[in-house]
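A.B. asks: Pasting entry_31.cif below, which is mmCIF, C-alpha atoms.
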data_upload
#
loop_
_atom_site.label_atom_id
_atom_site.label_comp_id
_atom_site.auth_asym_id
_atom_site.auth_seq_id
_atom_site.Cartn_x
_atom_site.Cartn_y
_atom_site.Cartn_z
CA MET P 21 52.35 -35.62 64.52
CA ALA P 22 48.80 -34.44 63.91
CA GLU P 23 46.00 -36.96 64.06
CA ARG P 24 42.33 -37.22 63.33
CA VAL P 25 40.45 -36.45 66.54
CA CYS P 26 40.07 -39.33 68.96
CA GLY P 27 40.56 -39.81 72.67
CA GLY P 28 43.67 -38.21 74.11
CA SER P 29 43.96 -35.28 71.68
CA ARG P 30 44.76 -32.85 74.48
CA GLY P 31 48.12 -31.17 73.94
CA LYS P 32 48.45 -32.57 70.41
CA SER P 33 47.82 -31.08 66.99
CA ILE P 34 44.55 -32.06 65.36
CA ARG P 35 43.96 -32.84 61.71
CA CYS P 36 40.50 -31.75 60.60
CA ARG P 37 38.59 -30.08 57.79
CA ALA P 38 38.23 -26.36 57.21
CA ALA P 39 36.70 -24.15 54.52
CA VAL P 40 39.73 -22.13 53.47
CA CYS P 41 39.56 -18.86 51.56
CA ARG P 42 42.58 -19.08 49.25
CA ARG P 43 41.83 -16.07 47.04
CA PRO P 44 39.37 -13.18 47.28
CA SER P 45 35.89 -13.77 45.85
CA GLU P 46 36.64 -17.41 44.95
CA PRO P 47 34.64 -20.30 46.46
CA LEU P 48 35.95 -21.57 49.77
CA VAL P 49 37.88 -24.82 49.53
CA ILE P 50 37.12 -27.66 51.94
CA GLU P 51 40.52 -29.11 52.81
CA GLU P 52 42.32 -30.82 55.65
CA ILE P 53 44.36 -28.60 57.92
CA ILE P 54 46.36 -28.89 61.12
CA VAL P 55 45.09 -27.14 64.25
CA ALA P 56 47.77 -26.68 66.90
CA PRO P 57 47.01 -27.16 70.60
CA PRO P 58 46.05 -24.07 72.59
CA MET P 59 48.75 -21.93 74.16
CA PRO P 60 48.34 -20.42 77.66
CA ARG P 61 45.04 -18.49 77.97
CA GLU P 62 43.69 -20.14 74.82
CA VAL P 63 40.89 -22.64 74.17
CA ARG P 64 40.49 -25.18 71.37
CA ILE P 65 36.85 -25.53 70.35
CA ARG P 66 34.96 -28.14 68.33
CA VAL P 67 32.53 -26.12 66.24
CA ILE P 68 28.95 -27.43 66.29
CA SER P 69 27.41 -24.88 63.96
CA THR P 70 28.32 -21.57 62.40
CA SER P 71 26.79 -19.00 60.05
CA VAL P 72 27.79 -16.45 57.42
CA CYS P 73 27.68 -12.74 58.27
CA HIS P 74 28.03 -9.79 55.87
CA SER P 75 31.43 -9.06 57.43
CA ASP P 76 32.61 -12.47 56.22
CA ILE P 77 31.50 -11.55 52.71
CA LEU P 78 33.13 -8.12 52.88
CA PHE P 79 36.54 -9.54 53.75
CA TRP P 80 36.10 -12.51 51.42
CA ARG P 81 35.77 -10.02 48.57
CA ILE P 82 38.45 -7.56 49.64
CA LYS P 83 41.51 -7.23 47.43
CA ASP P 84 43.06 -3.83 47.77
CA PHE P 85 44.07 -3.10 51.32
CA ALA P 86 46.24 -4.45 54.13
CA ALA P 87 43.55 -6.68 55.67
CA ALA P 88 43.33 -8.75 52.45
CA MET P 89 45.36 -11.61 53.90
CA PHE P 90 45.12 -15.08 52.37
CA PRO P 91 44.87 -18.01 52.86
CA ARG P 92 42.40 -17.42 55.63
CA ILE P 93 39.68 -19.19 57.62
CA LEU P 94 36.69 -16.87 57.89
CA GLY P 95 33.64 -17.15 60.14
CA HIS P 96 32.84 -15.52 63.47
CA GLU P 97 29.29 -16.54 64.44
CA ALA P 98 29.32 -19.97 66.04
CA VAL P 99 28.55 -22.24 68.95
CA GLY P 100 30.85 -25.06 69.98
CA VAL P 101 32.21 -27.33 72.68
CA VAL P 102 35.56 -26.97 74.42
CA GLU P 103 37.90 -29.77 73.29
CA SER P 104 40.93 -28.70 75.34
CA VAL P 105 42.34 -25.69 77.16
CA GLY P 106 45.79 -24.17 77.50
CA GLU P 107 47.53 -23.27 80.72
CA ASP P 108 46.01 -20.63 83.00
CA VAL P 109 42.49 -21.15 81.70
CA ASN P 110 40.05 -21.41 84.59
CA GLU P 111 36.80 -20.06 83.16
CA VAL P 112 35.95 -23.10 81.01
CA SER P 113 36.71 -26.82 81.01
CA GLU P 114 36.66 -29.61 78.47
CA GLY P 115 33.10 -30.35 77.40
CA ASP P 116 31.70 -26.89 78.18
CA THR P 117 29.42 -25.31 75.58
CA VAL P 118 30.69 -21.91 74.48
CA ILE P 119 30.04 -19.04 72.09
CA PRO P 120 33.20 -17.43 70.67
CA THR P 121 33.04 -13.70 69.91
CA PHE P 122 35.07 -11.29 67.81
CA LEU P 123 35.04 -8.80 70.68
CA ALA P 124 37.08 -9.50 73.81
CA GLU P 125 36.14 -9.06 77.43
CA CYS P 126 39.19 -9.61 79.58
CA GLY P 127 37.48 -8.47 82.78
CA GLU P 128 40.67 -6.81 83.98
CA CYS P 129 41.23 -3.56 82.05
CA ARG P 130 39.66 -0.17 82.76
CA ASP P 131 37.20 -0.48 79.88
CA CYS P 132 36.00 -3.97 80.81
CA LYS P 133 35.45 -2.85 84.40
CA SER P 134 33.53 0.26 83.33
CA PRO P 135 29.80 0.15 82.47
CA LYS P 136 30.50 2.92 79.93
CA SER P 137 32.52 0.82 77.47
CA ASN P 138 32.65 -2.62 75.87
CA LEU P 139 35.94 -1.97 74.06
CA CYS P 140 38.53 -4.05 75.89
CA SER P 141 41.82 -2.13 75.99
CA LYS P 142 43.94 -5.17 76.88
CA LEU P 143 42.92 -7.10 73.76
CA PRO P 144 41.54 -4.29 71.56
CA PHE P 145 39.39 -4.80 68.51
CA LYS P 146 41.61 -4.08 65.49
CA SER P 147 39.34 -3.56 62.52
CA SER P 148 42.19 -2.65 60.18
CA ARG P 149 43.83 -6.06 60.45
CA THR P 150 40.79 -8.17 61.39
CA ALA P 151 42.85 -10.24 63.81
CA PRO P 152 44.93 -12.48 61.49
CA PHE P 153 46.81 -14.03 64.43
CA MET P 154 46.21 -15.05 68.03
CA PRO P 155 46.10 -11.78 69.99
CA ARG P 156 48.60 -12.55 72.74
CA TYR P 157 51.27 -14.20 70.60
CA GLY P 158 50.99 -12.85 67.06
CA THR P 159 51.08 -16.35 65.55
CA SER P 160 48.60 -18.66 63.82
CA ARG P 161 47.27 -21.98 65.13
CA PHE P 162 46.38 -23.13 61.61
CA THR P 163 48.60 -24.67 58.96
CA ASP P 164 47.78 -26.53 55.77
CA LEU P 165 49.20 -29.96 54.98
CA ASN P 166 52.18 -28.31 53.29
CA GLY P 167 53.09 -26.47 56.46
CA GLU P 168 51.95 -23.04 55.25
CA ALA P 169 50.35 -20.83 57.91
CA ILE P 170 46.67 -19.96 57.46
CA TYR P 171 45.45 -16.63 58.83
CA HIS P 172 42.79 -16.28 61.51
CA PHE P 173 39.79 -13.96 61.15
CA LEU P 174 38.19 -11.74 63.79
CA SER P 175 39.70 -13.87 66.57
CA VAL P 176 37.26 -16.72 65.84
CA SER P 177 37.67 -18.50 62.44
CA SER P 178 34.64 -20.73 62.80
CA PHE P 179 34.63 -22.16 59.26
CA SER P 180 36.66 -25.07 60.59
CA GLU P 181 35.74 -28.22 62.47
CA TYR P 182 38.14 -27.07 65.19
CA THR P 183 39.43 -23.61 66.02
CA VAL P 184 41.55 -21.96 68.71
CA VAL P 185 40.27 -18.84 70.47
CA ASP P 186 41.68 -16.66 73.24
CA ILE P 187 39.79 -17.10 76.51
CA ALA P 188 38.88 -13.39 76.50
CA HIS P 189 36.84 -14.12 73.35
CA VAL P 190 34.96 -17.11 74.80
CA THR P 191 31.62 -17.00 76.63
CA LYS P 192 30.54 -20.08 78.57
CA ILE P 193 26.91 -21.15 78.26
CA ASP P 194 25.05 -22.60 81.22
CA SER P 195 24.81 -26.38 80.81
CA GLY P 196 21.16 -26.23 81.88
CA ILE P 197 20.15 -24.20 78.84
CA PRO P 198 18.89 -26.32 75.92
CA LEU P 199 21.11 -25.06 73.14
CA SER P 200 19.71 -24.01 69.78
CA LYS P 201 21.75 -23.90 66.60
CA ALA P 202 20.65 -20.27 66.41
CA ALA P 203 22.57 -19.48 69.62
CA GLY P 204 25.68 -18.78 67.55
CA LEU P 205 23.97 -15.69 66.15
CA LEU P 206 24.51 -14.08 69.55
CA GLY P 207 28.21 -14.06 68.68
CA CYS P 208 27.63 -11.15 66.29
CA GLY P 209 24.49 -10.21 64.35
CA VAL P 210 21.63 -10.49 66.82
CA SER P 211 23.63 -9.13 69.76
CA THR P 212 24.85 -6.22 67.65
CA GLY P 213 21.38 -5.13 66.55
CA PHE P 214 19.57 -5.84 69.79
CA GLY P 215 22.26 -4.15 71.89
CA ALA P 216 22.33 -1.08 69.66
CA ALA P 217 18.64 -0.51 70.31
CA CYS P 218 18.48 -1.43 73.98
CA ARG P 219 21.92 -0.44 75.25
CA THR P 220 23.48 2.16 72.94
CA ALA P 221 20.38 4.09 71.88
CA ASN P 222 18.33 3.15 74.95
CA VAL P 223 15.16 3.43 72.88
CA GLU P 224 12.33 4.92 74.93
CA PRO P 225 8.73 3.67 75.05
CA GLY P 226 6.49 5.45 72.57
CA SER P 227 9.36 6.54 70.34
CA THR P 228 9.86 6.35 66.57
CA VAL P 229 12.69 4.32 65.04
CA ALA P 230 14.06 4.16 61.48
CA ILE P 231 16.28 1.26 60.42
CA PHE P 232 18.37 1.41 57.25
CA GLY P 233 19.03 -2.13 56.05
CA LEU P 234 16.76 -5.07 56.90
CA GLY P 235 19.22 -7.92 57.13
CA SER P 236 19.60 -9.83 60.37
CA VAL P 237 21.34 -6.94 62.15
CA GLY P 238 18.64 -4.46 61.14
CA LEU P 239 15.86 -6.83 62.15
CA ALA P 240 17.62 -7.44 65.46
CA VAL P 241 17.47 -3.66 65.97
CA ALA P 242 13.72 -3.89 65.30
CA GLU P 243 13.41 -6.71 67.81
CA GLY P 244 15.23 -4.66 70.41
CA ALA P 245 13.19 -1.54 69.67
CA ARG P 246 9.98 -3.58 69.92
CA LEU P 247 10.94 -4.92 73.33
CA CYS P 248 11.86 -1.38 74.44
CA GLY P 249 8.34 -0.22 73.61
CA ALA P 250 8.86 1.80 70.41
CA THR P 251 5.46 2.46 68.82
CA ARG P 252 6.62 3.08 65.26
CA ILE P 253 9.48 1.13 63.67
CA ILE P 254 10.20 2.05 60.04
CA GLY P 255 12.30 -0.24 57.88
CA VAL P 256 14.29 1.08 54.90
CA ASP P 257 15.54 -1.29 52.21
CA VAL P 258 15.79 -1.68 48.44
CA ASN P 259 13.78 -4.91 48.71
CA GLU P 260 10.11 -4.38 49.58
CA ASP P 261 9.72 -8.08 50.42
CA LYS P 262 11.81 -7.45 53.54
CA PHE P 263 8.85 -5.60 55.08
CA GLU P 264 6.74 -8.76 55.32
CA VAL P 265 9.66 -10.60 56.93
CA GLY P 266 10.27 -7.70 59.29
CA LYS P 267 6.72 -7.45 60.61
CA LYS P 268 7.27 -10.39 62.97
CA PHE P 269 10.24 -8.52 64.46
CA GLY P 270 8.20 -5.37 65.08
CA LEU P 271 8.33 -3.33 61.85
CA THR P 272 5.25 -1.15 61.47
CA ASP P 273 6.14 0.82 58.32
CA PHE P 274 8.36 0.56 55.25
CA ALA P 275 10.19 3.13 53.15
CA LYS P 276 11.94 2.07 49.98
CA ALA P 277 15.50 3.31 49.68
CA ALA P 278 14.52 5.22 46.49
CA ASN P 279 10.78 5.42 45.81
CA SER P 280 8.89 6.05 42.60
CA GLU P 281 8.48 9.76 43.36
CA ASN P 282 12.26 10.14 43.43
CA LYS P 283 12.22 11.13 47.06
CA SER P 284 15.16 10.09 49.16
CA ALA P 285 14.51 7.73 52.05
CA SER P 286 15.32 10.51 54.49
CA GLU P 287 12.72 12.83 52.91
CA SER P 288 10.09 10.10 53.10
CA ILE P 289 10.83 9.42 56.76
CA ILE P 290 10.73 13.10 57.68
CA GLU P 291 7.26 13.28 56.11
CA MET P 292 6.11 10.05 57.75
CA THR P 293 7.24 11.15 61.21
CA ASP P 294 6.41 14.87 61.02
CA GLY P 295 9.99 15.99 61.46
CA GLY P 296 12.19 12.93 61.74
CA ALA P 297 12.67 9.72 63.73
CA ASP P 298 13.81 9.77 67.32
CA TYR P 299 16.36 7.04 66.58
CA CYS P 300 17.98 6.07 63.27
CA PHE P 301 20.16 3.01 62.73
CA GLU P 302 22.48 2.41 59.76
CA CYS P 303 22.90 -1.37 59.41
CA VAL P 304 24.34 -1.78 55.91
CA GLY P 305 27.81 -0.29 55.92
CA MET P 306 27.51 2.58 53.41
CA ALA P 307 28.69 6.12 54.10
CA SER P 308 25.83 7.52 52.00
CA LEU P 309 23.28 5.73 54.21
CA VAL P 310 24.89 7.13 57.35
CA GLN P 311 24.26 10.58 55.89
CA GLU P 312 20.67 9.64 55.02
CA ALA P 313 20.05 8.30 58.51
CA TYR P 314 21.48 11.45 60.10
CA ALA P 315 19.41 13.65 57.78
CA CYS P 316 16.09 12.11 58.90
CA CYS P 317 16.97 12.05 62.57
CA ARG P 318 14.78 14.39 64.66
CA LYS P 319 16.36 17.77 65.35
CA GLY P 320 16.87 18.58 69.01
CA TRP P 321 17.19 15.07 70.41
CA GLY P 322 17.55 12.54 67.58
CA LYS P 323 20.21 9.86 67.75
CA THR P 324 21.86 8.14 64.77
CA ILE P 325 23.70 4.90 65.49
CA VAL P 326 26.07 3.33 62.95
CA LEU P 327 26.35 -0.48 63.01
CA GLY P 328 27.23 -1.36 59.41
CA VAL P 329 30.78 -2.25 58.38
CA ASP P 330 31.85 -0.16 55.38
CA LYS P 331 34.89 -0.59 53.16
CA PRO P 332 38.11 0.73 54.72
CA GLY P 333 38.72 4.36 53.81
CA SER P 334 35.05 5.30 53.37
CA GLN P 335 34.20 8.72 54.76
CA VAL P 336 31.01 10.32 55.99
CA ILE P 337 30.57 13.99 55.09
CA ILE P 338 28.32 16.08 57.34
CA SER P 339 28.56 19.85 57.46
CA SER P 340 29.86 21.34 60.69
CA SER P 341 26.90 23.74 60.78
CA ASP P 342 24.48 20.78 60.82
CA ILE P 343 26.37 19.25 63.72
CA LEU P 344 26.37 22.55 65.58
CA THR P 345 22.80 23.73 65.00
CA THR P 346 20.58 20.63 64.83
CA GLY P 347 21.21 19.14 68.26
CA LYS P 348 21.47 15.63 66.82
CA SER P 349 23.99 13.00 67.89
CA LEU P 350 25.89 10.50 65.75
CA THR P 351 27.71 7.52 67.20
CA GLY P 352 29.17 4.23 66.09
CA VAL P 353 28.99 1.03 68.09
CA ILE P 354 30.66 -2.37 68.06
CA PHE P 355 28.68 -5.44 69.20
CA GLY P 356 25.76 -3.20 70.11
CA GLY P 357 27.63 -1.83 73.12
CA LEU P 358 27.26 -5.20 74.86
CA LYS P 359 29.96 -6.98 76.86
CA PRO P 360 30.07 -10.56 75.51
CA LYS P 361 30.67 -12.55 78.70
CA SER P 362 28.33 -10.38 80.75
CA ASP P 363 25.45 -9.90 78.31
CA ILE P 364 25.23 -13.01 76.09
CA PRO P 365 23.98 -15.16 79.02
CA ILE P 366 21.31 -12.52 79.70
CA LEU P 367 20.16 -12.61 76.06
CA LEU P 368 20.07 -16.42 76.15
CA ASN P 369 17.85 -16.32 79.22
CA ARG P 370 15.51 -13.90 77.46
CA TYR P 371 15.41 -16.32 74.54
CA ILE P 372 14.66 -19.28 76.81
CA ASN P 373 11.89 -17.25 78.46
CA LYS P 374 10.43 -16.57 74.99
CA GLU P 375 10.99 -12.82 75.24
CA LEU P 376 13.69 -12.60 72.55
CA GLN P 377 13.21 -14.11 69.10
CA LEU P 378 16.27 -15.99 67.88
CA ASP P 379 15.21 -19.05 65.87
CA GLU P 380 13.24 -16.75 63.56
CA PHE P 381 16.49 -15.29 62.21
CA VAL P 382 17.51 -18.69 60.80
CA THR P 383 15.95 -19.03 57.37
CA HIS P 384 18.17 -21.80 55.94
CA GLU P 385 20.44 -24.66 57.03
CA VAL P 386 23.18 -26.35 54.99
CA THR P 387 25.88 -28.92 55.63
CA PHE P 388 29.52 -27.94 55.95
CA GLU P 389 30.16 -29.25 52.44
CA ASP P 390 27.64 -26.73 51.10
CA ILE P 391 29.11 -23.69 52.86
CA ASN P 392 29.46 -21.81 49.56
CA LYS P 393 25.69 -22.09 49.13
CA ALA P 394 25.33 -20.16 52.40
CA PHE P 395 27.44 -17.38 50.86
CA ASP P 396 25.25 -17.35 47.75
CA LEU P 397 22.02 -17.16 49.75
CA LEU P 398 23.21 -14.13 51.72
CA ILE P 399 24.70 -12.34 48.71
CA GLU P 400 21.46 -12.85 46.75
CA GLY P 401 19.38 -11.53 49.65
CA LYS P 402 17.53 -14.83 50.04
CA SER P 403 18.44 -15.50 53.66
CA LEU P 404 18.73 -13.70 56.98
CA ARG P 405 21.06 -16.26 58.46
CA CYS P 406 21.98 -19.65 57.05
CA VAL P 407 23.23 -22.02 59.74
CA ILE P 408 26.04 -24.32 58.65
CA CYS P 409 25.88 -27.61 60.52
CA MET P 410 29.17 -29.40 61.06
CA ASN P 411 29.18 -33.17 60.62
CA ASP P 412 29.57 -35.42 63.63
CA GLN P 413 33.24 -35.94 64.32
#
Starting from the file, lay out its structure as C-alpha cells.
C.D. replies:
Amino acid sequence: MAERVCGGSRGKSIRCRAAVCRRPSEPLVIEEIIVAPPMPREVRIRVISTSVCHSDILFWRIKDFAAAMFPRILGHEAVGVVESVGEDVNEVSEGDTVIPTFLAECGECRDCKSPKSNLCSKLPFKSSRTAPFMPRYGTSRFTDLNGEAIYHFLSVSSFSEYTVVDIAHVTKIDSGIPLSKAAGLLGCGVSTGFGAACRTANVEPGSTVAIFGLGSVGLAVAEGARLCGATRIIGVDVNEDKFEVGKKFGLTDFAKAANSENKSASESIIEMTDGGADYCFECVGMASLVQEAYACCRKGWGKTIVLGVDKPGSQVIISSSDILTTGKSLTGVIFGGLKPKSDIPILLNRYINKELQLDEFVTHEVTFEDINKAFDLLIEGKSLRCVICMNDQ
C-alpha cells in the first residue's frame, strides 16, 4: 500500500503530488499519484526544484505523431535528493544531492569511454519516443490513483515531488558545494548551450559567433563563446529586447530575424562580418533557421551547429553544390557534446569559482501549484528560466 512519505519509505510505493499532462496543450493537473520503488540500477529522487524547457512545451503541444503519449509527467531540468536506491546502485546513497539528465552516461560502452562521443550506446537517447518508460525494463514507475500507468518523459519526469531515474541518468553533486536552485539548469539548457560553444564548436579566441535564438540555450552559447574568447557575438531574434538581456552573457551585436529593409538575418550577418561568422548556432528548432545559419557561416572554415529541437519530420534543404564547394561544416549536437557525469561537476566548479554565470538565467520563481504560470511565461517570451520550487515534504 502506498503512503505519504515518512520514515521507512525505502522499498515501498510513495503517494505524492505530480503535475500530470492529461491532454496536449491543456493545463497540467496537480494530482496525487503513486511512485513505485526503484528497481535494480534505479534511483528514487525527491525533487527540490525544477524548471520548464522549450522541449517540455514542444511535447506538451504535440498531437500528431507517435511520441504524443498521455497521460505523462513532463520535466527534465531539476535538482533533487536521493530518497532510496534499487539493487546494484553504488554511485549514490540516500541523502545525496543529484542532478538527473535526459542523456545517459553508463561509463561502460564504447561511446561513453571515448572522448569523441557523448551518445551512450547502452542506453541510447531515443528522440522519437522521448523515453516513455524506464530504459532497462520498458515499464513505468508512475500510476494514478485509479491504477492507470502514467508515461515518463526524457528519462527524468521532474514535474513530480518524487521521480524514479536510471542511475546512468543521475549525476552526484559534491556535498561541499553550496547548491543553488539554478543548478538544475545544468541538466539541459545551460549545459547544452555552453557545451556547444566550448566543446562541439571549440570556439577560438578572436572569432566571430552568430546565435539564432536568444532563449536560455542561445544565451548559454553566448556565455560559452565569451569564456572562449570570441570578440564578436551576434544575437539573432525576433525580439529586440533580448539584446539588452544578452549583453551580460557576452552579446556584442544584434540582428533582427527580419529587419525593416527586408534583408534576411543571414544577409545582415554576412554584411556585418565581411563574409560570414566563423561559428553559427541554431538554438530555436526551425529548419528554416538552420538554413539561415548555414548561409551566413564563413566559407572555407565556418561551422554551423544545430541545438534546437524541431518538430518530428522537419527537413533541412541545402544544395549538394553548396556542401561541396563552400568548405563549411554542419553538425547537430545533443547536450552540447558534454558527458553528464563527467562534465556537470566541472561546470558547477566553474560556477562556484564565479567563472560561469548560472543564477542570471533564472528570471522567475513560482511554487509547484503555479507550474502552469511557468509555462505561460516561457511561451510568452517573458522568462529565460522559471524555477519551480517544490514545497517541503
A.B. asks: Convert the output of the PyMOL selection byres ((chain P and resi 115) around 8) on the shown file into explicit residues, formatted as a short mmCIF file (atom, residue, chain, number, x, y, z; two decimals) with C-alpha atoms, keeping the file's coordinate frame.
C.D. replies:
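Saved to part.cif:
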data_model
loop_
_atom_site.label_atom_id
_atom_site.label_comp_id
_atom_site.auth_asym_id
_atom_site.auth_seq_id
_atom_site.Cartn_x
_atom_site.Cartn_y
_atom_site.Cartn_z
CA VAL P 101 32.21 -27.33 72.68
CA VAL P 102 35.56 -26.97 74.42
CA GLU P 103 37.90 -29.77 73.29
CA SER P 113 36.71 -26.82 81.01
CA GLU P 114 36.66 -29.61 78.47
CA ASP P 116 31.70 -26.89 78.18
CA THR P 117 29.42 -25.31 75.58
#
A.B. asks: Rounded to one decimal place, report the CA of Val256 (chain P)-CA of Phe232 (chain P) distance in Å.
C.D. replies: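 Between these atoms lies a distance of 4.7 Å.
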A.B. asks: Quick one: pull the distance between CA of Cys126 (chain P) and CA of Cys140 (chain P), Å, one decimal.
C.D. replies: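 Interatomic distance here is 6.7 Å.
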A.B. asks: With distances taken over all atoms listed in the file, which of P:Leu327, P:Val407, P:Ile372, P:Asp390 is nearest to Gly196 (chain P)?
C.D. replies: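 Ranked by minimum distance to Gly196 (chain P), first place goes to P:Ile372.
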A.B. asks: From the set P:Gly235, P:Gly215, P:Pro332, P:Pro225, which residue has the shortest atom-to-atom contact distance to Phe355 (chain P), counting all atoms listed in the file?
C.D. replies: P:Gly215
A.B. asks: For Ser104 (chain P), which of P:Gly209, P:Pro57, P:Gly305, P:Pro198 is the closest residue, counting all atoms listed in the file?
C.D. replies: P:Pro57
A.B. asks: Rounded to one decimal place, report the CA of Pro144 (chain P)-CA of Leu376 (chain P) distance in Å.
C.D. replies: 29.1 Å
A.B. asks: If you count only C-alpha atoms, which residues fall within 8 Å of Val336 (chain P), apart from same-chain ones fewer than 3 positions away, as a PyMOL selection string?
C.D. replies: chain P and resi 307-308+310-311
A.B. asks: Name every residue that the PyMOL selection byres ((chain P and resi 404) around 7) selects in this structure, writing the answer as a ChimeraX atom specification with chains first and numbers rising.
C.D. replies: /P:235-236,381-383,398,403,405-406
A.B. asks: Quick one: everything within 9 Å of Ala188 (chain P), counting all atoms listed in the file, minus sequence neighbours fewer than 6 positions away in the same chain. Send it as JSON, numbers by chain.
C.D. replies: {"P": [61, 62, 121, 123, 124, 125, 126, 127, 143, 361]}
A.B. asks: Report the residues retrieved by the PyMOL selection byres ((chain P and resi 303) around 6) from the displayed file, expressed as a list of chain:residue names.
C.D. replies: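 Those residues are P:Phe232, P:Gly233, P:Gly238, P:Glu302, P:Val304, P:Leu327, P:Gly328.
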A.B. asks: If you count only C-alpha atoms, which residues fall within 8 Å of Asp164 (chain P), apart from same-chain ones fewer than 6 positions away, as a PDB file with C-alpha atoms, in the coordinates of the input?
C.D. replies:
ATOM      1  CA  GLU P  52      42.320 -30.820  55.650  1.00  0.00           C
ATOM      2  CA  ILE P  53      44.360 -28.600  57.920  1.00  0.00           C
ATOM      3  CA  ILE P  54      46.360 -28.890  61.120  1.00  0.00           C
ATOM      4  CA  ILE P 170      46.670 -19.960  57.460  1.00  0.00           C
TER       5      ILE P 170
END
A.B. asks: Can you complete the atoms of region 65-84 of chain P to N, CA and C atoms and list them as an mmCIF file, in the frame of the given file?
C.D. replies:
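result_36.cif, freshly written:
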data_model
loop_
_atom_site.group_PDB
_atom_site.id
_atom_site.type_symbol
_atom_site.label_atom_id
_atom_site.label_comp_id
_atom_site.auth_asym_id
_atom_site.auth_seq_id
_atom_site.Cartn_x
_atom_site.Cartn_y
_atom_site.Cartn_z
ATOM 1 N N ILE P 65 38.302 -25.312 70.372
ATOM 2 C CA ILE P 65 36.850 -25.530 70.350
ATOM 3 C C ILE P 65 36.463 -26.408 69.162
ATOM 4 N N ARG P 66 35.599 -27.389 69.423
ATOM 5 C CA ARG P 66 34.960 -28.140 68.330
ATOM 6 C C ARG P 66 33.701 -27.386 67.938
ATOM 7 N N VAL P 67 33.650 -26.938 66.711
ATOM 8 C CA VAL P 67 32.530 -26.120 66.240
ATOM 9 C C VAL P 67 31.338 -27.023 65.939
ATOM 10 N N ILE P 68 30.189 -26.681 66.530
ATOM 11 C CA ILE P 68 28.950 -27.430 66.290
ATOM 12 C C ILE P 68 28.212 -26.863 65.089
ATOM 13 N N SER P 69 28.058 -25.546 65.085
ATOM 14 C CA SER P 69 27.410 -24.880 63.960
ATOM 15 C C SER P 69 27.944 -23.468 63.850
ATOM 16 N N THR P 70 27.841 -22.923 62.650
ATOM 17 C CA THR P 70 28.320 -21.570 62.400
ATOM 18 C C THR P 70 27.400 -20.928 61.364
ATOM 19 N N SER P 71 27.617 -19.671 61.050
ATOM 20 C CA SER P 71 26.790 -19.000 60.050
ATOM 21 C C SER P 71 27.609 -17.917 59.354
ATOM 22 N N VAL P 72 27.102 -17.469 58.223
ATOM 23 C CA VAL P 72 27.790 -16.450 57.420
ATOM 24 C C VAL P 72 27.196 -15.085 57.725
ATOM 25 N N CYS P 73 28.067 -14.121 57.993
ATOM 26 C CA CYS P 73 27.680 -12.740 58.270
ATOM 27 C C CYS P 73 28.174 -11.879 57.106
ATOM 28 N N HIS P 74 27.590 -10.688 56.946
ATOM 29 C CA HIS P 74 28.030 -9.790 55.870
ATOM 30 C C HIS P 74 29.491 -9.387 56.023
ATOM 31 N N SER P 75 30.010 -9.372 57.244
ATOM 32 C CA SER P 75 31.430 -9.060 57.430
ATOM 33 C C SER P 75 32.319 -10.138 56.817
ATOM 34 N N ASP P 76 31.871 -11.396 56.891
ATOM 35 C CA ASP P 76 32.610 -12.470 56.220
ATOM 36 C C ASP P 76 32.675 -12.208 54.724
ATOM 37 N N ILE P 77 31.545 -11.813 54.153
ATOM 38 C CA ILE P 77 31.500 -11.550 52.710
ATOM 39 C C ILE P 77 32.360 -10.358 52.342
ATOM 40 N N LEU P 78 32.317 -9.308 53.159
ATOM 41 C CA LEU P 78 33.130 -8.120 52.880
ATOM 42 C C LEU P 78 34.602 -8.473 52.784
ATOM 43 N N PHE P 79 35.112 -9.227 53.747
ATOM 44 C CA PHE P 79 36.540 -9.540 53.750
ATOM 45 C C PHE P 79 36.884 -10.719 52.846
ATOM 46 N N TRP P 80 35.896 -11.486 52.442
ATOM 47 C CA TRP P 80 36.100 -12.510 51.420
ATOM 48 C C TRP P 80 36.320 -11.851 50.060
ATOM 49 N N ARG P 81 35.662 -10.719 49.848
ATOM 50 C CA ARG P 81 35.770 -10.020 48.570
ATOM 51 C C ARG P 81 36.986 -9.103 48.485
ATOM 52 N N ILE P 82 37.488 -8.656 49.607
ATOM 53 C CA ILE P 82 38.450 -7.560 49.640
ATOM 54 C C ILE P 82 39.760 -7.921 48.944
ATOM 55 N N LYS P 83 40.287 -6.977 48.180
ATOM 56 C CA LYS P 83 41.510 -7.230 47.430
ATOM 57 C C LYS P 83 42.580 -6.166 47.628
ATOM 58 N N ASP P 84 42.164 -4.964 47.963
ATOM 59 C CA ASP P 84 43.060 -3.830 47.770
ATOM 60 C C ASP P 84 43.480 -3.081 49.033
#
